[in-house]
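Student: Can you read through this structure? Questions will come right after.
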Amino acid sequence: MNKIANRILSFVVVLAMILSTITVTFADRAKTIKVTMPIERFTIGQGFLVEPVTVEVKERASVKDVLEKVAQEKGVVLNTPAGAAGGYYLDSISYADTGVLNIPEIILNMPDIEDNIAGYVYHYDAPSNTSTNALFEDEQKLGTGSYNEMAGWMYTLNNKSSDTGMDAQPVNDGDVVRVQFSLYGFGVDIGYESYYDNIQTPQLANKDKLIKQVAGVDAKGEYKDARAAAIHVLEKYDATQSEVDEALFNLGYVEETTTKKTEPTTAAPTTPKETTGVKLPRVTIKKLTNIRKYKVKIKINKIKKAKGYQYRYAKNRKFKNSRVKNTSKTIFTTKRLQKKVRCYVKVRAYVKVNGRKAFGRWSKVKSIKVKK
């Protein structure tokens, strides 16, 4: 009987090991998704702690998983109390505070708050640039209670506030999660709904598309200047939507207004397709000329109704890593290229409809070899 029992036990152990191996194998093969996340200190005028970065996580990952992946990649020290009531929350981040405050005017002008909870009245003083961080002496921490009793780390998911804990909020491929330090009003200053009669939630620009675009642009590549300008716009707490949209456009984010299959673009998704009711003739590239200093001069026909023209050029027919520029002229010149490369060019006209650019069809692609 003992021999039979031992054999059964051995079989169970081996089976468990096999199932465990299978489980691990399938777990390793789990689909990954990409999520973009910055860590922001805009409410105290200290800009990004971590500039926008896109990371890969397992499918069905949570905001917590993304945050921990970003922290690991960027060397950020997160402080999360173990066994906290209500689940995981980000209490503070070490070495996250410079100690220098430059609070935006909108927040400085917010009044004091009196909150009546179960018959008890709680008074909260509005922050000022003379406020002090009670956590600063402990590893320059920035977090719960820093500078104000209503301060702490919060997040938005795809430009929407969330009352769900980071560990309970799933993310999907392409999501943008902004981890932000809220200085006042338990999130009112970063766009959360205000529960206080004397404070309105500020109308802040939607920066998600620009954040995602910045994450996908090489800081040392051809768009380095436009990226630096975009970072400046993002760090501006009260940037207007037009400022954000302009920075997005300058980073190569192209609006498409046609329902036809689009050609490959540089490095960015396109805006949702829209119907403008505007039909523009197709531009014709009349002539390409290789001029001195390895540049190409482009001459096109004039489109009567056009407000301007957008041209794109690259060293390959698929326009990978291409440059995109706008002009009001019909003769214009590329930037310096390389000797002996072939330059491919296409152009399209645009008009403005309700403040937005509406584009015509791209011209036929033409090319020229750069010799001088």
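By order in the structure tokens, chains are A, B, ...; within a chain, residues start at 1; ligands start at 1, following the order shown.
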Would you list the contacts of Val347 of chain A as a PyMOL selection string, taking every protein, DNA or RNA residue within 9 Å and counting only C-alpha atoms, but skipping same-chain residues closer than 3 positions in sequence?

Tutor: chain A and resi 282-285+300+309-313+361-365

Student: Quick one: write out the picked residues with N, CA and C atoms as a PDB file, in the first residue's frame?

Tutor:
ATOM      1  N   ARG A 282      -5.064  68.467 -56.681  1.00  0.00           N
ATOM      2  CA  ARG A 282      -3.811  67.812 -56.340  1.00  0.00           C
ATOM      3  C   ARG A 282      -2.633  68.653 -56.822  1.00  0.00           C
ATOM      4  N   VAL A 283      -1.663  68.849 -55.956  1.00  0.00           N
ATOM      5  CA  VAL A 283      -0.483  69.630 -56.307  1.00  0.00           C
ATOM      6  C   VAL A 283       0.356  68.875 -57.333  1.00  0.00           C
ATOM      7  N   THR A 284       0.983  69.628 -58.226  1.00  0.00           N
ATOM      8  CA  THR A 284       1.921  69.048 -59.180  1.00  0.00           C
ATOM      9  C   THR A 284       3.319  69.599 -58.905  1.00  0.00           C
ATOM     10  N   ILE A 285       4.274  68.720 -58.747  1.00  0.00           N
ATOM     11  CA  ILE A 285       5.665  69.158 -58.592  1.00  0.00           C
ATOM     12  C   ILE A 285       6.209  69.420 -59.997  1.00  0.00           C
ATOM     13  N   ILE A 300       6.445  74.089 -57.414  1.00  0.00           N
ATOM     14  CA  ILE A 300       5.131  73.469 -57.608  1.00  0.00           C
ATOM     15  C   ILE A 300       4.186  74.457 -58.296  1.00  0.00           C
ATOM     16  N   TYR A 309       1.024  75.196 -48.224  1.00  0.00           N
ATOM     17  CA  TYR A 309       1.420  73.876 -48.728  1.00  0.00           C
ATOM     18  C   TYR A 309       2.250  73.155 -47.679  1.00  0.00           C
ATOM     19  N   GLN A 310       2.102  71.863 -47.648  1.00  0.00           N
ATOM     20  CA  GLN A 310       2.921  71.026 -46.770  1.00  0.00           C
ATOM     21  C   GLN A 310       3.756  70.112 -47.662  1.00  0.00           C
ATOM     22  N   TYR A 311       5.061  70.103 -47.433  1.00  0.00           N
ATOM     23  CA  TYR A 311       5.907  69.222 -48.224  1.00  0.00           C
ATOM     24  C   TYR A 311       6.680  68.272 -47.322  1.00  0.00           C
ATOM     25  N   ARG A 312       6.925  67.097 -47.866  1.00  0.00           N
ATOM     26  CA  ARG A 312       7.608  66.038 -47.118  1.00  0.00           C
ATOM     27  C   ARG A 312       8.714  65.482 -47.994  1.00  0.00           C
ATOM     28  N   TYR A 313       9.886  65.299 -47.419  1.00  0.00           N
ATOM     29  CA  TYR A 313      10.997  64.743 -48.190  1.00  0.00           C
ATOM     30  C   TYR A 313      11.802  63.777 -47.340  1.00  0.00           C
ATOM     31  N   ARG A 361      -4.964  66.048 -51.570  1.00  0.00           N
ATOM     32  CA  ARG A 361      -4.209  64.813 -51.794  1.00  0.00           C
ATOM     33  C   ARG A 361      -2.731  65.135 -51.987  1.00  0.00           C
ATOM     34  N   TRP A 362      -1.892  64.171 -51.636  1.00  0.00           N
ATOM     35  CA  TRP A 362      -0.468  64.310 -51.893  1.00  0.00           C
ATOM     36  C   TRP A 362      -0.219  64.291 -53.398  1.00  0.00           C
ATOM     37  N   SER A 363       0.787  65.017 -53.822  1.00  0.00           N
ATOM     38  CA  SER A 363       1.217  64.970 -55.216  1.00  0.00           C
ATOM     39  C   SER A 363       1.849  63.615 -55.523  1.00  0.00           C
ATOM     40  N   LYS A 364       2.098  63.366 -56.792  1.00  0.00           N
ATOM     41  CA  LYS A 364       2.891  62.195 -57.145  1.00  0.00           C
ATOM     42  C   LYS A 364       4.320  62.407 -56.624  1.00  0.00           C
ATOM     43  N   VAL A 365       4.937  61.334 -56.213  1.00  0.00           N
ATOM     44  CA  VAL A 365       6.297  61.417 -55.671  1.00  0.00           C
ATOM     45  C   VAL A 365       7.296  61.641 -56.795  1.00  0.00           C
TER      46      VAL A 365
END

Student: Per residue of segment 41-110 of chain A within 10 Å of segment 159-177 of chain A, which atom pair is closest and at what distance in Å (one decimal), using only C-alpha atoms, listed by chain and increasing number, as JSON lines?

Tutor:
{"residue": "A:Pro52", "atom": "CA", "partner": "A:Val176", "partner_atom": "CA", "distance": 9.4}
{"residue": "A:Val53", "atom": "CA", "partner": "A:Val176", "partner_atom": "CA", "distance": 9.8}
{"residue": "A:Thr54", "atom": "CA", "partner": "A:Val176", "partner_atom": "CA", "distance": 8.8}
{"residue": "A:Glu56", "atom": "CA", "partner": "A:Asp173", "partner_atom": "CA", "distance": 9.1}
{"residue": "A:Val57", "atom": "CA", "partner": "A:Asp173", "partner_atom": "CA", "distance": 9.2}
{"residue": "A:Lys58", "atom": "CA", "partner": "A:Val171", "partner_atom": "CA", "distance": 9.7}
{"residue": "A:Glu59", "atom": "CA", "partner": "A:Asn172", "partner_atom": "CA", "distance": 7.3}
{"residue": "A:Arg60", "atom": "CA", "partner": "A:Pro170", "partner_atom": "CA", "distance": 5.9}
{"residue": "A:Ala61", "atom": "CA", "partner": "A:Pro170", "partner_atom": "CA", "distance": 5.7}
{"residue": "A:Ser62", "atom": "CA", "partner": "A:Pro170", "partner_atom": "CA", "distance": 4.2}
{"residue": "A:Val63", "atom": "CA", "partner": "A:Met166", "partner_atom": "CA", "distance": 4.9}
{"residue": "A:Lys64", "atom": "CA", "partner": "A:Met166", "partner_atom": "CA", "distance": 4.9}
{"residue": "A:Asp65", "atom": "CA", "partner": "A:Asp167", "partner_atom": "CA", "distance": 7.4}
{"residue": "A:Val66", "atom": "CA", "partner": "A:Val171", "partner_atom": "CA", "distance": 8.6}
{"residue": "A:Leu67", "atom": "CA", "partner": "A:Met166", "partner_atom": "CA", "distance": 8.8}
{"residue": "A:Gly86", "atom": "CA", "partner": "A:Gly165", "partner_atom": "CA", "distance": 7.8}
{"residue": "A:Gly87", "atom": "CA", "partner": "A:Gly165", "partner_atom": "CA", "distance": 6.9}
{"residue": "A:Tyr88", "atom": "CA", "partner": "A:Asp167", "partner_atom": "CA", "distance": 5.9}
{"residue": "A:Tyr89", "atom": "CA", "partner": "A:Met166", "partner_atom": "CA", "distance": 6.6}
{"residue": "A:Leu90", "atom": "CA", "partner": "A:Met166", "partner_atom": "CA", "distance": 8.4}

Student: Keeping all heavy atoms for every residue in the selection just given, could you write it to a file as a compact mmCIF listing (two decimals), in the first residue's frame?

Tutor:
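Okay, this is what ended up in part_16.txt:
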# COMPACT_ATOMS: atom_id res chain seq x y z
N PRO A 52 8.07 62.18 -20.83
CA PRO A 52 7.25 61.10 -21.39
C PRO A 52 8.08 59.95 -21.94
O PRO A 52 9.03 60.16 -22.70
CB PRO A 52 6.48 61.82 -22.51
CG PRO A 52 6.40 63.23 -22.06
CD PRO A 52 7.68 63.50 -21.34
N VAL A 53 7.71 58.75 -21.54
CA VAL A 53 8.41 57.55 -22.01
C VAL A 53 7.37 56.47 -22.28
O VAL A 53 6.38 56.36 -21.56
CB VAL A 53 9.44 57.07 -20.96
CG1 VAL A 53 8.78 56.77 -19.63
CG2 VAL A 53 10.19 55.84 -21.45
N THR A 54 7.58 55.70 -23.33
CA THR A 54 6.67 54.60 -23.64
C THR A 54 7.34 53.29 -23.26
O THR A 54 8.48 53.02 -23.65
CB THR A 54 6.33 54.58 -25.15
OG1 THR A 54 5.66 55.80 -25.48
CG2 THR A 54 5.41 53.41 -25.48
N GLU A 56 6.85 48.89 -22.44
CA GLU A 56 6.08 47.68 -22.73
C GLU A 56 5.76 46.96 -21.43
O GLU A 56 6.64 46.75 -20.59
CB GLU A 56 6.86 46.76 -23.65
CG GLU A 56 6.93 47.23 -25.09
CD GLU A 56 7.45 46.16 -26.04
OE1 GLU A 56 7.72 45.04 -25.56
OE2 GLU A 56 7.58 46.43 -27.24
N VAL A 57 4.50 46.58 -21.28
CA VAL A 57 4.07 45.80 -20.13
C VAL A 57 3.19 44.67 -20.63
O VAL A 57 2.77 44.66 -21.80
CB VAL A 57 3.29 46.67 -19.11
CG1 VAL A 57 4.20 47.68 -18.44
CG2 VAL A 57 2.12 47.37 -19.78
N LYS A 58 2.92 43.70 -19.76
CA LYS A 58 2.07 42.58 -20.15
C LYS A 58 0.62 43.04 -20.34
O LYS A 58 0.17 43.98 -19.68
CB LYS A 58 2.13 41.48 -19.08
CG LYS A 58 3.51 40.82 -18.92
CD LYS A 58 3.82 39.93 -20.09
CE LYS A 58 5.20 39.26 -19.94
NZ LYS A 58 5.26 38.35 -18.79
N GLU A 59 -0.06 42.39 -21.22
CA GLU A 59 -1.48 42.67 -21.41
C GLU A 59 -2.22 42.47 -20.09
O GLU A 59 -1.87 41.61 -19.29
CB GLU A 59 -2.05 41.73 -22.48
CG GLU A 59 -3.38 42.17 -23.04
CD GLU A 59 -3.83 41.27 -24.19
OE1 GLU A 59 -3.47 40.08 -24.17
OE2 GLU A 59 -4.53 41.76 -25.08
N ARG A 60 -3.20 43.32 -19.83
CA ARG A 60 -3.97 43.34 -18.59
C ARG A 60 -3.16 43.86 -17.41
O ARG A 60 -3.49 43.61 -16.25
CB ARG A 60 -4.56 41.95 -18.27
CG ARG A 60 -5.59 41.49 -19.28
CD ARG A 60 -6.22 40.16 -18.88
NE ARG A 60 -5.24 39.07 -18.90
CZ ARG A 60 -4.90 38.41 -20.01
NH1 ARG A 60 -5.46 38.72 -21.15
NH2 ARG A 60 -4.03 37.45 -19.97
N ALA A 61 -2.08 44.57 -17.70
CA ALA A 61 -1.31 45.21 -16.64
C ALA A 61 -2.11 46.38 -16.06
O ALA A 61 -3.09 46.85 -16.65
CB ALA A 61 0.03 45.71 -17.18
N SER A 62 -1.66 46.86 -14.91
CA SER A 62 -2.34 47.97 -14.24
C SER A 62 -1.48 49.22 -14.32
O SER A 62 -0.31 49.18 -14.73
CB SER A 62 -2.58 47.62 -12.77
OG SER A 62 -1.34 47.50 -12.07
N VAL A 63 -2.05 50.35 -13.91
CA VAL A 63 -1.29 51.60 -13.82
C VAL A 63 -0.08 51.41 -12.91
O VAL A 63 1.01 51.92 -13.19
CB VAL A 63 -2.19 52.74 -13.31
CG1 VAL A 63 -1.36 53.98 -12.97
CG2 VAL A 63 -3.26 53.08 -14.32
N LYS A 64 -0.26 50.68 -11.84
CA LYS A 64 0.85 50.38 -10.91
C LYS A 64 1.99 49.68 -11.64
O LYS A 64 3.17 50.03 -11.46
CB LYS A 64 0.34 49.49 -9.78
CG LYS A 64 1.43 48.84 -8.91
CD LYS A 64 0.79 47.95 -7.85
CE LYS A 64 1.83 47.15 -7.09
NZ LYS A 64 2.40 46.04 -7.89
N ASP A 65 1.68 48.71 -12.49
CA ASP A 65 2.72 47.99 -13.24
C ASP A 65 3.49 48.93 -14.16
O ASP A 65 4.72 48.83 -14.28
CB ASP A 65 2.09 46.86 -14.06
CG ASP A 65 1.41 45.82 -13.20
OD1 ASP A 65 1.91 45.54 -12.09
OD2 ASP A 65 0.35 45.29 -13.61
N VAL A 66 2.77 49.83 -14.80
CA VAL A 66 3.42 50.78 -15.70
C VAL A 66 4.33 51.71 -14.91
O VAL A 66 5.48 51.97 -15.28
CB VAL A 66 2.37 51.60 -16.48
CG1 VAL A 66 3.07 52.61 -17.40
CG2 VAL A 66 1.48 50.69 -17.30
N LEU A 67 3.82 52.23 -13.80
CA LEU A 67 4.60 53.14 -12.96
C LEU A 67 5.88 52.47 -12.47
O LEU A 67 6.97 53.06 -12.52
CB LEU A 67 3.77 53.60 -11.77
CG LEU A 67 4.49 54.47 -10.73
CD1 LEU A 67 5.01 55.76 -11.36
CD2 LEU A 67 3.58 54.78 -9.55
N GLY A 86 -7.19 50.17 1.56
CA GLY A 86 -7.65 50.59 0.24
C GLY A 86 -6.72 50.17 -0.88
O GLY A 86 -6.94 50.50 -2.03
N GLY A 87 -5.65 49.44 -0.55
CA GLY A 87 -4.77 48.94 -1.60
C GLY A 87 -3.58 49.84 -1.84
O GLY A 87 -3.25 50.73 -1.08
N TYR A 88 -2.95 49.63 -2.98
CA TYR A 88 -1.71 50.32 -3.34
C TYR A 88 -1.95 51.80 -3.58
O TYR A 88 -2.92 52.20 -4.21
CB TYR A 88 -1.16 49.68 -4.62
CG TYR A 88 0.10 50.32 -5.17
CD1 TYR A 88 1.34 49.77 -4.92
CD2 TYR A 88 0.03 51.46 -5.97
CE1 TYR A 88 2.49 50.35 -5.46
CE2 TYR A 88 1.16 52.03 -6.50
CZ TYR A 88 2.39 51.48 -6.24
OH TYR A 88 3.52 52.05 -6.77
N TYR A 89 -1.06 52.63 -3.06
CA TYR A 89 -1.05 54.03 -3.47
C TYR A 89 0.37 54.56 -3.34
O TYR A 89 1.19 54.06 -2.57
CB TYR A 89 -2.04 54.87 -2.65
CG TYR A 89 -1.56 55.25 -1.27
CD1 TYR A 89 -0.95 56.49 -1.04
CD2 TYR A 89 -1.75 54.41 -0.17
CE1 TYR A 89 -0.52 56.86 0.22
CE2 TYR A 89 -1.33 54.76 1.09
CZ TYR A 89 -0.73 56.00 1.30
OH TYR A 89 -0.31 56.35 2.55
N LEU A 90 0.65 55.57 -4.17
CA LEU A 90 1.97 56.17 -4.20
C LEU A 90 2.02 57.26 -3.14
O LEU A 90 1.45 58.33 -3.31
CB LEU A 90 2.26 56.74 -5.58
CG LEU A 90 3.59 57.48 -5.77
CD1 LEU A 90 4.77 56.59 -5.43
CD2 LEU A 90 3.70 58.02 -7.20

Student: Please measure the separation of atom CA of Asn316 of chain A and atom CA of Tyr344 of chain A, giving the value in Å to one decimal.

Tutor: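 Going from atom CA of Asn316 of chain A over to atom CA of Tyr344 of chain A, I get 6.3 Å.
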
Student: Which is closer to Glu40 of chain A than all the others in A:Thr144, A:Ser182, A:Thr132, A:Asn109, using only C-alpha atoms?

Tutor: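 Residue with the minimum atom-to-atom distance to Glu40 of chain A: A:Ser182.
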
Student: Quick one: everything within 8 Å of segment 232-235 of chain A, counting only C-alpha atoms, minus sequence neighbours fewer than 3 positions away in the same chain. Send it as a PyMOL selection string.

Tutor: chain A and resi 42+47-48+207+210-211+228-229+239+243-244+247

Student: Go ahead and write the selection's residues with C-alpha atoms as a PDB file, in the first residue's frame.

Tutor:
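Saved as again-v1.pdb:
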ATOM      1  CA  PHE A  42       3.799  71.207 -13.002  1.00  0.00           C
ATOM      2  CA  GLY A  47       8.425  70.519 -14.707  1.00  0.00           C
ATOM      3  CA  PHE A  48       8.898  66.817 -15.388  1.00  0.00           C
ATOM      4  CA  LYS A 207      -1.779  67.205 -23.618  1.00  0.00           C
ATOM      5  CA  LEU A 210       1.679  65.665 -27.482  1.00  0.00           C
ATOM      6  CA  ILE A 211       2.962  63.557 -24.576  1.00  0.00           C
ATOM      7  CA  ALA A 228      12.616  70.712 -26.817  1.00  0.00           C
ATOM      8  CA  ALA A 229       9.969  73.299 -27.663  1.00  0.00           C
ATOM      9  CA  ALA A 239      -0.647  76.133 -21.871  1.00  0.00           C
ATOM     10  CA  GLU A 243      -0.092  76.006 -28.141  1.00  0.00           C
ATOM     11  CA  VAL A 244      -0.251  72.254 -27.556  1.00  0.00           C
ATOM     12  CA  ALA A 247       3.802  71.925 -30.841  1.00  0.00           C
TER      13      ALA A 247
END

Student: Among segment 93-295 of chain A, which ones does DSSP assign to helix (DSSP H, G or I) (computed from the backbone)? Answer as a ChimeraX atom specification.

Tutor: /A:105-108,188-190,208-215,224-235,241-250

Student: So which residues touch segment 70-72 of chain A within 8 Å, counting only C-alpha atoms, skipping near sequence neighbours fewer than 4 positions away, as a PyMOL selection string?

Tutor: chain A and resi 37+53+55+66+76-78

Student: So how many Å separate atom CA of Val50 of chain A and atom CA of Leu142 of chain A, to one decimal?

Tutor: 13.7 Å

Student: When distances are computed from only C-alpha atoms, which of A:Arg323, A:Lys74, A:Lys302, A:Lys335 shows the smallest separation from Arg348 of chain A?

Tutor: A:Lys302

Student: List as a list in words the protein and nucleic acid residues near Asn198 of chain A, meaning an atom at most 9 Å away when only C-alpha atoms are counted, but skip any in the same chain fewer than 4 places from it.

Tutor: Met110, Pro111, Asp112 and Ile113 of chain A

Student: How would the residues just picked look written out with all heavy atoms as a PDB file, in the first residue's frame?

Tutor:
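Printed below is result.pdb as written:
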ATOM      1  N   MET A 110      -6.299  80.452  -5.930  1.00  0.00           N
ATOM      2  CA  MET A 110      -7.363  79.643  -5.332  1.00  0.00           C
ATOM      3  C   MET A 110      -7.530  80.028  -3.862  1.00  0.00           C
ATOM      4  O   MET A 110      -6.549  80.248  -3.153  1.00  0.00           O
ATOM      5  CB  MET A 110      -7.046  78.152  -5.451  1.00  0.00           C
ATOM      6  CG  MET A 110      -7.136  77.614  -6.864  1.00  0.00           C
ATOM      7  SD  MET A 110      -6.764  75.824  -6.950  1.00  0.00           S
ATOM      8  CE  MET A 110      -7.052  75.512  -8.693  1.00  0.00           C
ATOM      9  N   PRO A 111      -8.781  80.108  -3.379  1.00  0.00           N
ATOM     10  CA  PRO A 111      -9.027  80.514  -1.986  1.00  0.00           C
ATOM     11  C   PRO A 111      -8.808  79.380  -0.996  1.00  0.00           C
ATOM     12  O   PRO A 111      -8.653  78.214  -1.387  1.00  0.00           O
ATOM     13  CB  PRO A 111     -10.495  80.933  -2.015  1.00  0.00           C
ATOM     14  CG  PRO A 111     -11.102  80.046  -3.072  1.00  0.00           C
ATOM     15  CD  PRO A 111     -10.030  79.886  -4.120  1.00  0.00           C
ATOM     16  N   ASP A 112      -8.806  79.726   0.286  1.00  0.00           N
ATOM     17  CA  ASP A 112      -8.774  78.713   1.338  1.00  0.00           C
ATOM     18  C   ASP A 112     -10.035  77.861   1.255  1.00  0.00           C
ATOM     19  O   ASP A 112     -11.050  78.275   0.708  1.00  0.00           O
ATOM     20  CB  ASP A 112      -8.699  79.368   2.723  1.00  0.00           C
ATOM     21  CG  ASP A 112      -7.422  80.145   2.935  1.00  0.00           C
ATOM     22  OD1 ASP A 112      -6.502  80.007   2.107  1.00  0.00           O
ATOM     23  OD2 ASP A 112      -7.343  80.910   3.916  1.00  0.00           O
ATOM     24  N   ILE A 113      -9.949  76.662   1.818  1.00  0.00           N
ATOM     25  CA  ILE A 113     -11.080  75.736   1.776  1.00  0.00           C
ATOM     26  C   ILE A 113     -11.507  75.363   3.186  1.00  0.00           C
ATOM     27  O   ILE A 113     -10.674  75.075   4.051  1.00  0.00           O
ATOM     28  CB  ILE A 113     -10.714  74.448   1.007  1.00  0.00           C
ATOM     29  CG1 ILE A 113     -10.493  74.751  -0.473  1.00  0.00           C
ATOM     30  CG2 ILE A 113     -11.816  73.391   1.159  1.00  0.00           C
ATOM     31  CD1 ILE A 113     -10.005  73.553  -1.268  1.00  0.00           C
TER      32      ILE A 113
END

Student: Write down as a PyMOL selection string the residues belonging to segment 107-301 of chain A that are assigned strand (DSSP E) by DSSP computed on the backbone.

Tutor: chain A and resi 113-117+120-124+142-143+152-157+160-161+177-182+285-291+295-300

Student: Taking 3 positions as the minimum chain separation for residues in the same chain, which residues sit within 8 Å of segment 186-192 of chain A when counting only C-alpha atoms? Answer as number ranges by chain.

Tutor: A: 43, 107, 150-152, 154, 161, 180, 182-183, 200-204

Student: Using all heavy atoms, can you export the residues from the last selection as a compact mmCIF listing (two decimals), in the first residue's frame?

Tutor:
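Wrote part-v3.txt, looks like this:
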# COMPACT_ATOMS: atom_id res chain seq x y z
N THR A 43 2.44 71.59 -11.01
CA THR A 43 1.70 72.43 -10.06
C THR A 43 2.63 73.19 -9.12
O THR A 43 2.19 74.13 -8.46
CB THR A 43 0.74 71.57 -9.23
OG1 THR A 43 1.48 70.54 -8.56
CG2 THR A 43 -0.34 70.94 -10.11
N ILE A 107 -3.28 78.52 -9.50
CA ILE A 107 -3.34 77.83 -8.20
C ILE A 107 -3.14 78.82 -7.06
O ILE A 107 -3.81 78.73 -6.02
CB ILE A 107 -2.30 76.69 -8.15
CG1 ILE A 107 -2.55 75.70 -9.29
CG2 ILE A 107 -2.35 75.97 -6.81
CD1 ILE A 107 -1.50 74.61 -9.40
N MET A 150 -3.56 68.97 1.46
CA MET A 150 -4.37 68.33 0.42
C MET A 150 -3.53 67.86 -0.75
O MET A 150 -4.04 67.58 -1.83
CB MET A 150 -5.44 69.31 -0.07
CG MET A 150 -6.30 69.90 1.03
SD MET A 150 -7.45 71.15 0.41
CE MET A 150 -8.81 70.11 -0.11
N ALA A 151 -2.22 67.79 -0.57
CA ALA A 151 -1.31 67.46 -1.67
C ALA A 151 -1.03 65.96 -1.74
O ALA A 151 -1.10 65.25 -0.73
CB ALA A 151 0.00 68.22 -1.51
N GLY A 152 -0.68 65.50 -2.92
CA GLY A 152 -0.30 64.09 -3.09
C GLY A 152 -0.21 63.73 -4.56
O GLY A 152 -0.58 64.50 -5.44
N MET A 154 -1.34 61.81 -7.87
CA MET A 154 -2.56 61.30 -8.48
C MET A 154 -2.27 61.00 -9.95
O MET A 154 -1.17 61.28 -10.43
CB MET A 154 -3.70 62.31 -8.32
CG MET A 154 -3.93 62.73 -6.87
SD MET A 154 -5.28 63.90 -6.62
CE MET A 154 -6.69 62.81 -6.74
N SER A 161 -9.84 61.77 -15.11
CA SER A 161 -9.49 61.50 -13.72
C SER A 161 -10.03 60.13 -13.32
O SER A 161 -10.93 59.58 -13.96
CB SER A 161 -10.08 62.57 -12.81
OG SER A 161 -11.49 62.63 -12.96
N GLN A 180 0.78 62.73 -11.75
CA GLN A 180 0.94 64.15 -11.49
C GLN A 180 0.90 64.46 -10.00
O GLN A 180 0.11 63.86 -9.26
CB GLN A 180 -0.16 64.95 -12.19
CG GLN A 180 -0.25 64.69 -13.68
CD GLN A 180 -1.47 65.35 -14.30
OE1 GLN A 180 -1.58 66.56 -14.36
NE2 GLN A 180 -2.41 64.53 -14.77
N SER A 182 -0.41 66.66 -7.31
CA SER A 182 -1.48 67.62 -7.06
C SER A 182 -1.15 68.39 -5.79
O SER A 182 -0.94 67.80 -4.73
CB SER A 182 -2.83 66.91 -6.91
OG SER A 182 -3.82 67.80 -6.45
N LEU A 183 -1.09 69.69 -5.91
CA LEU A 183 -0.71 70.52 -4.77
C LEU A 183 -1.89 70.89 -3.89
O LEU A 183 -1.75 71.03 -2.68
CB LEU A 183 -0.03 71.80 -5.29
CG LEU A 183 0.39 72.84 -4.25
CD1 LEU A 183 1.44 72.26 -3.30
CD2 LEU A 183 0.91 74.09 -4.94
N GLN A 200 -13.39 76.37 -8.65
CA GLN A 200 -13.75 75.70 -9.90
C GLN A 200 -12.54 74.96 -10.46
O GLN A 200 -11.41 75.42 -10.32
CB GLN A 200 -14.23 76.73 -10.93
CG GLN A 200 -15.59 77.33 -10.61
CD GLN A 200 -16.11 78.20 -11.73
OE1 GLN A 200 -15.34 78.66 -12.56
NE2 GLN A 200 -17.42 78.43 -11.76
N THR A 201 -12.79 73.83 -11.08
CA THR A 201 -11.71 73.07 -11.71
C THR A 201 -11.17 73.87 -12.91
O THR A 201 -11.94 74.27 -13.77
CB THR A 201 -12.21 71.71 -12.20
OG1 THR A 201 -12.73 70.98 -11.09
CG2 THR A 201 -11.09 70.91 -12.84
N PRO A 202 -9.87 74.11 -12.97
CA PRO A 202 -9.31 74.85 -14.11
C PRO A 202 -9.54 74.10 -15.42
O PRO A 202 -9.51 72.87 -15.46
CB PRO A 202 -7.81 74.93 -13.79
CG PRO A 202 -7.71 74.65 -12.33
CD PRO A 202 -8.84 73.75 -12.00
N GLN A 203 -9.75 74.83 -16.49
CA GLN A 203 -9.90 74.24 -17.82
C GLN A 203 -8.51 74.12 -18.45
O GLN A 203 -7.99 75.07 -19.02
CB GLN A 203 -10.82 75.10 -18.69
CG GLN A 203 -12.24 75.21 -18.16
CD GLN A 203 -12.92 73.85 -18.02
OE1 GLN A 203 -12.98 73.09 -18.99
NE2 GLN A 203 -13.42 73.55 -16.85
N LEU A 204 -7.92 72.95 -18.31
CA LEU A 204 -6.55 72.73 -18.78
C LEU A 204 -6.55 72.03 -20.14
O LEU A 204 -7.46 71.27 -20.46
CB LEU A 204 -5.79 71.87 -17.76
CG LEU A 204 -5.72 72.44 -16.34
CD1 LEU A 204 -5.08 71.43 -15.40
CD2 LEU A 204 -4.96 73.75 -16.31
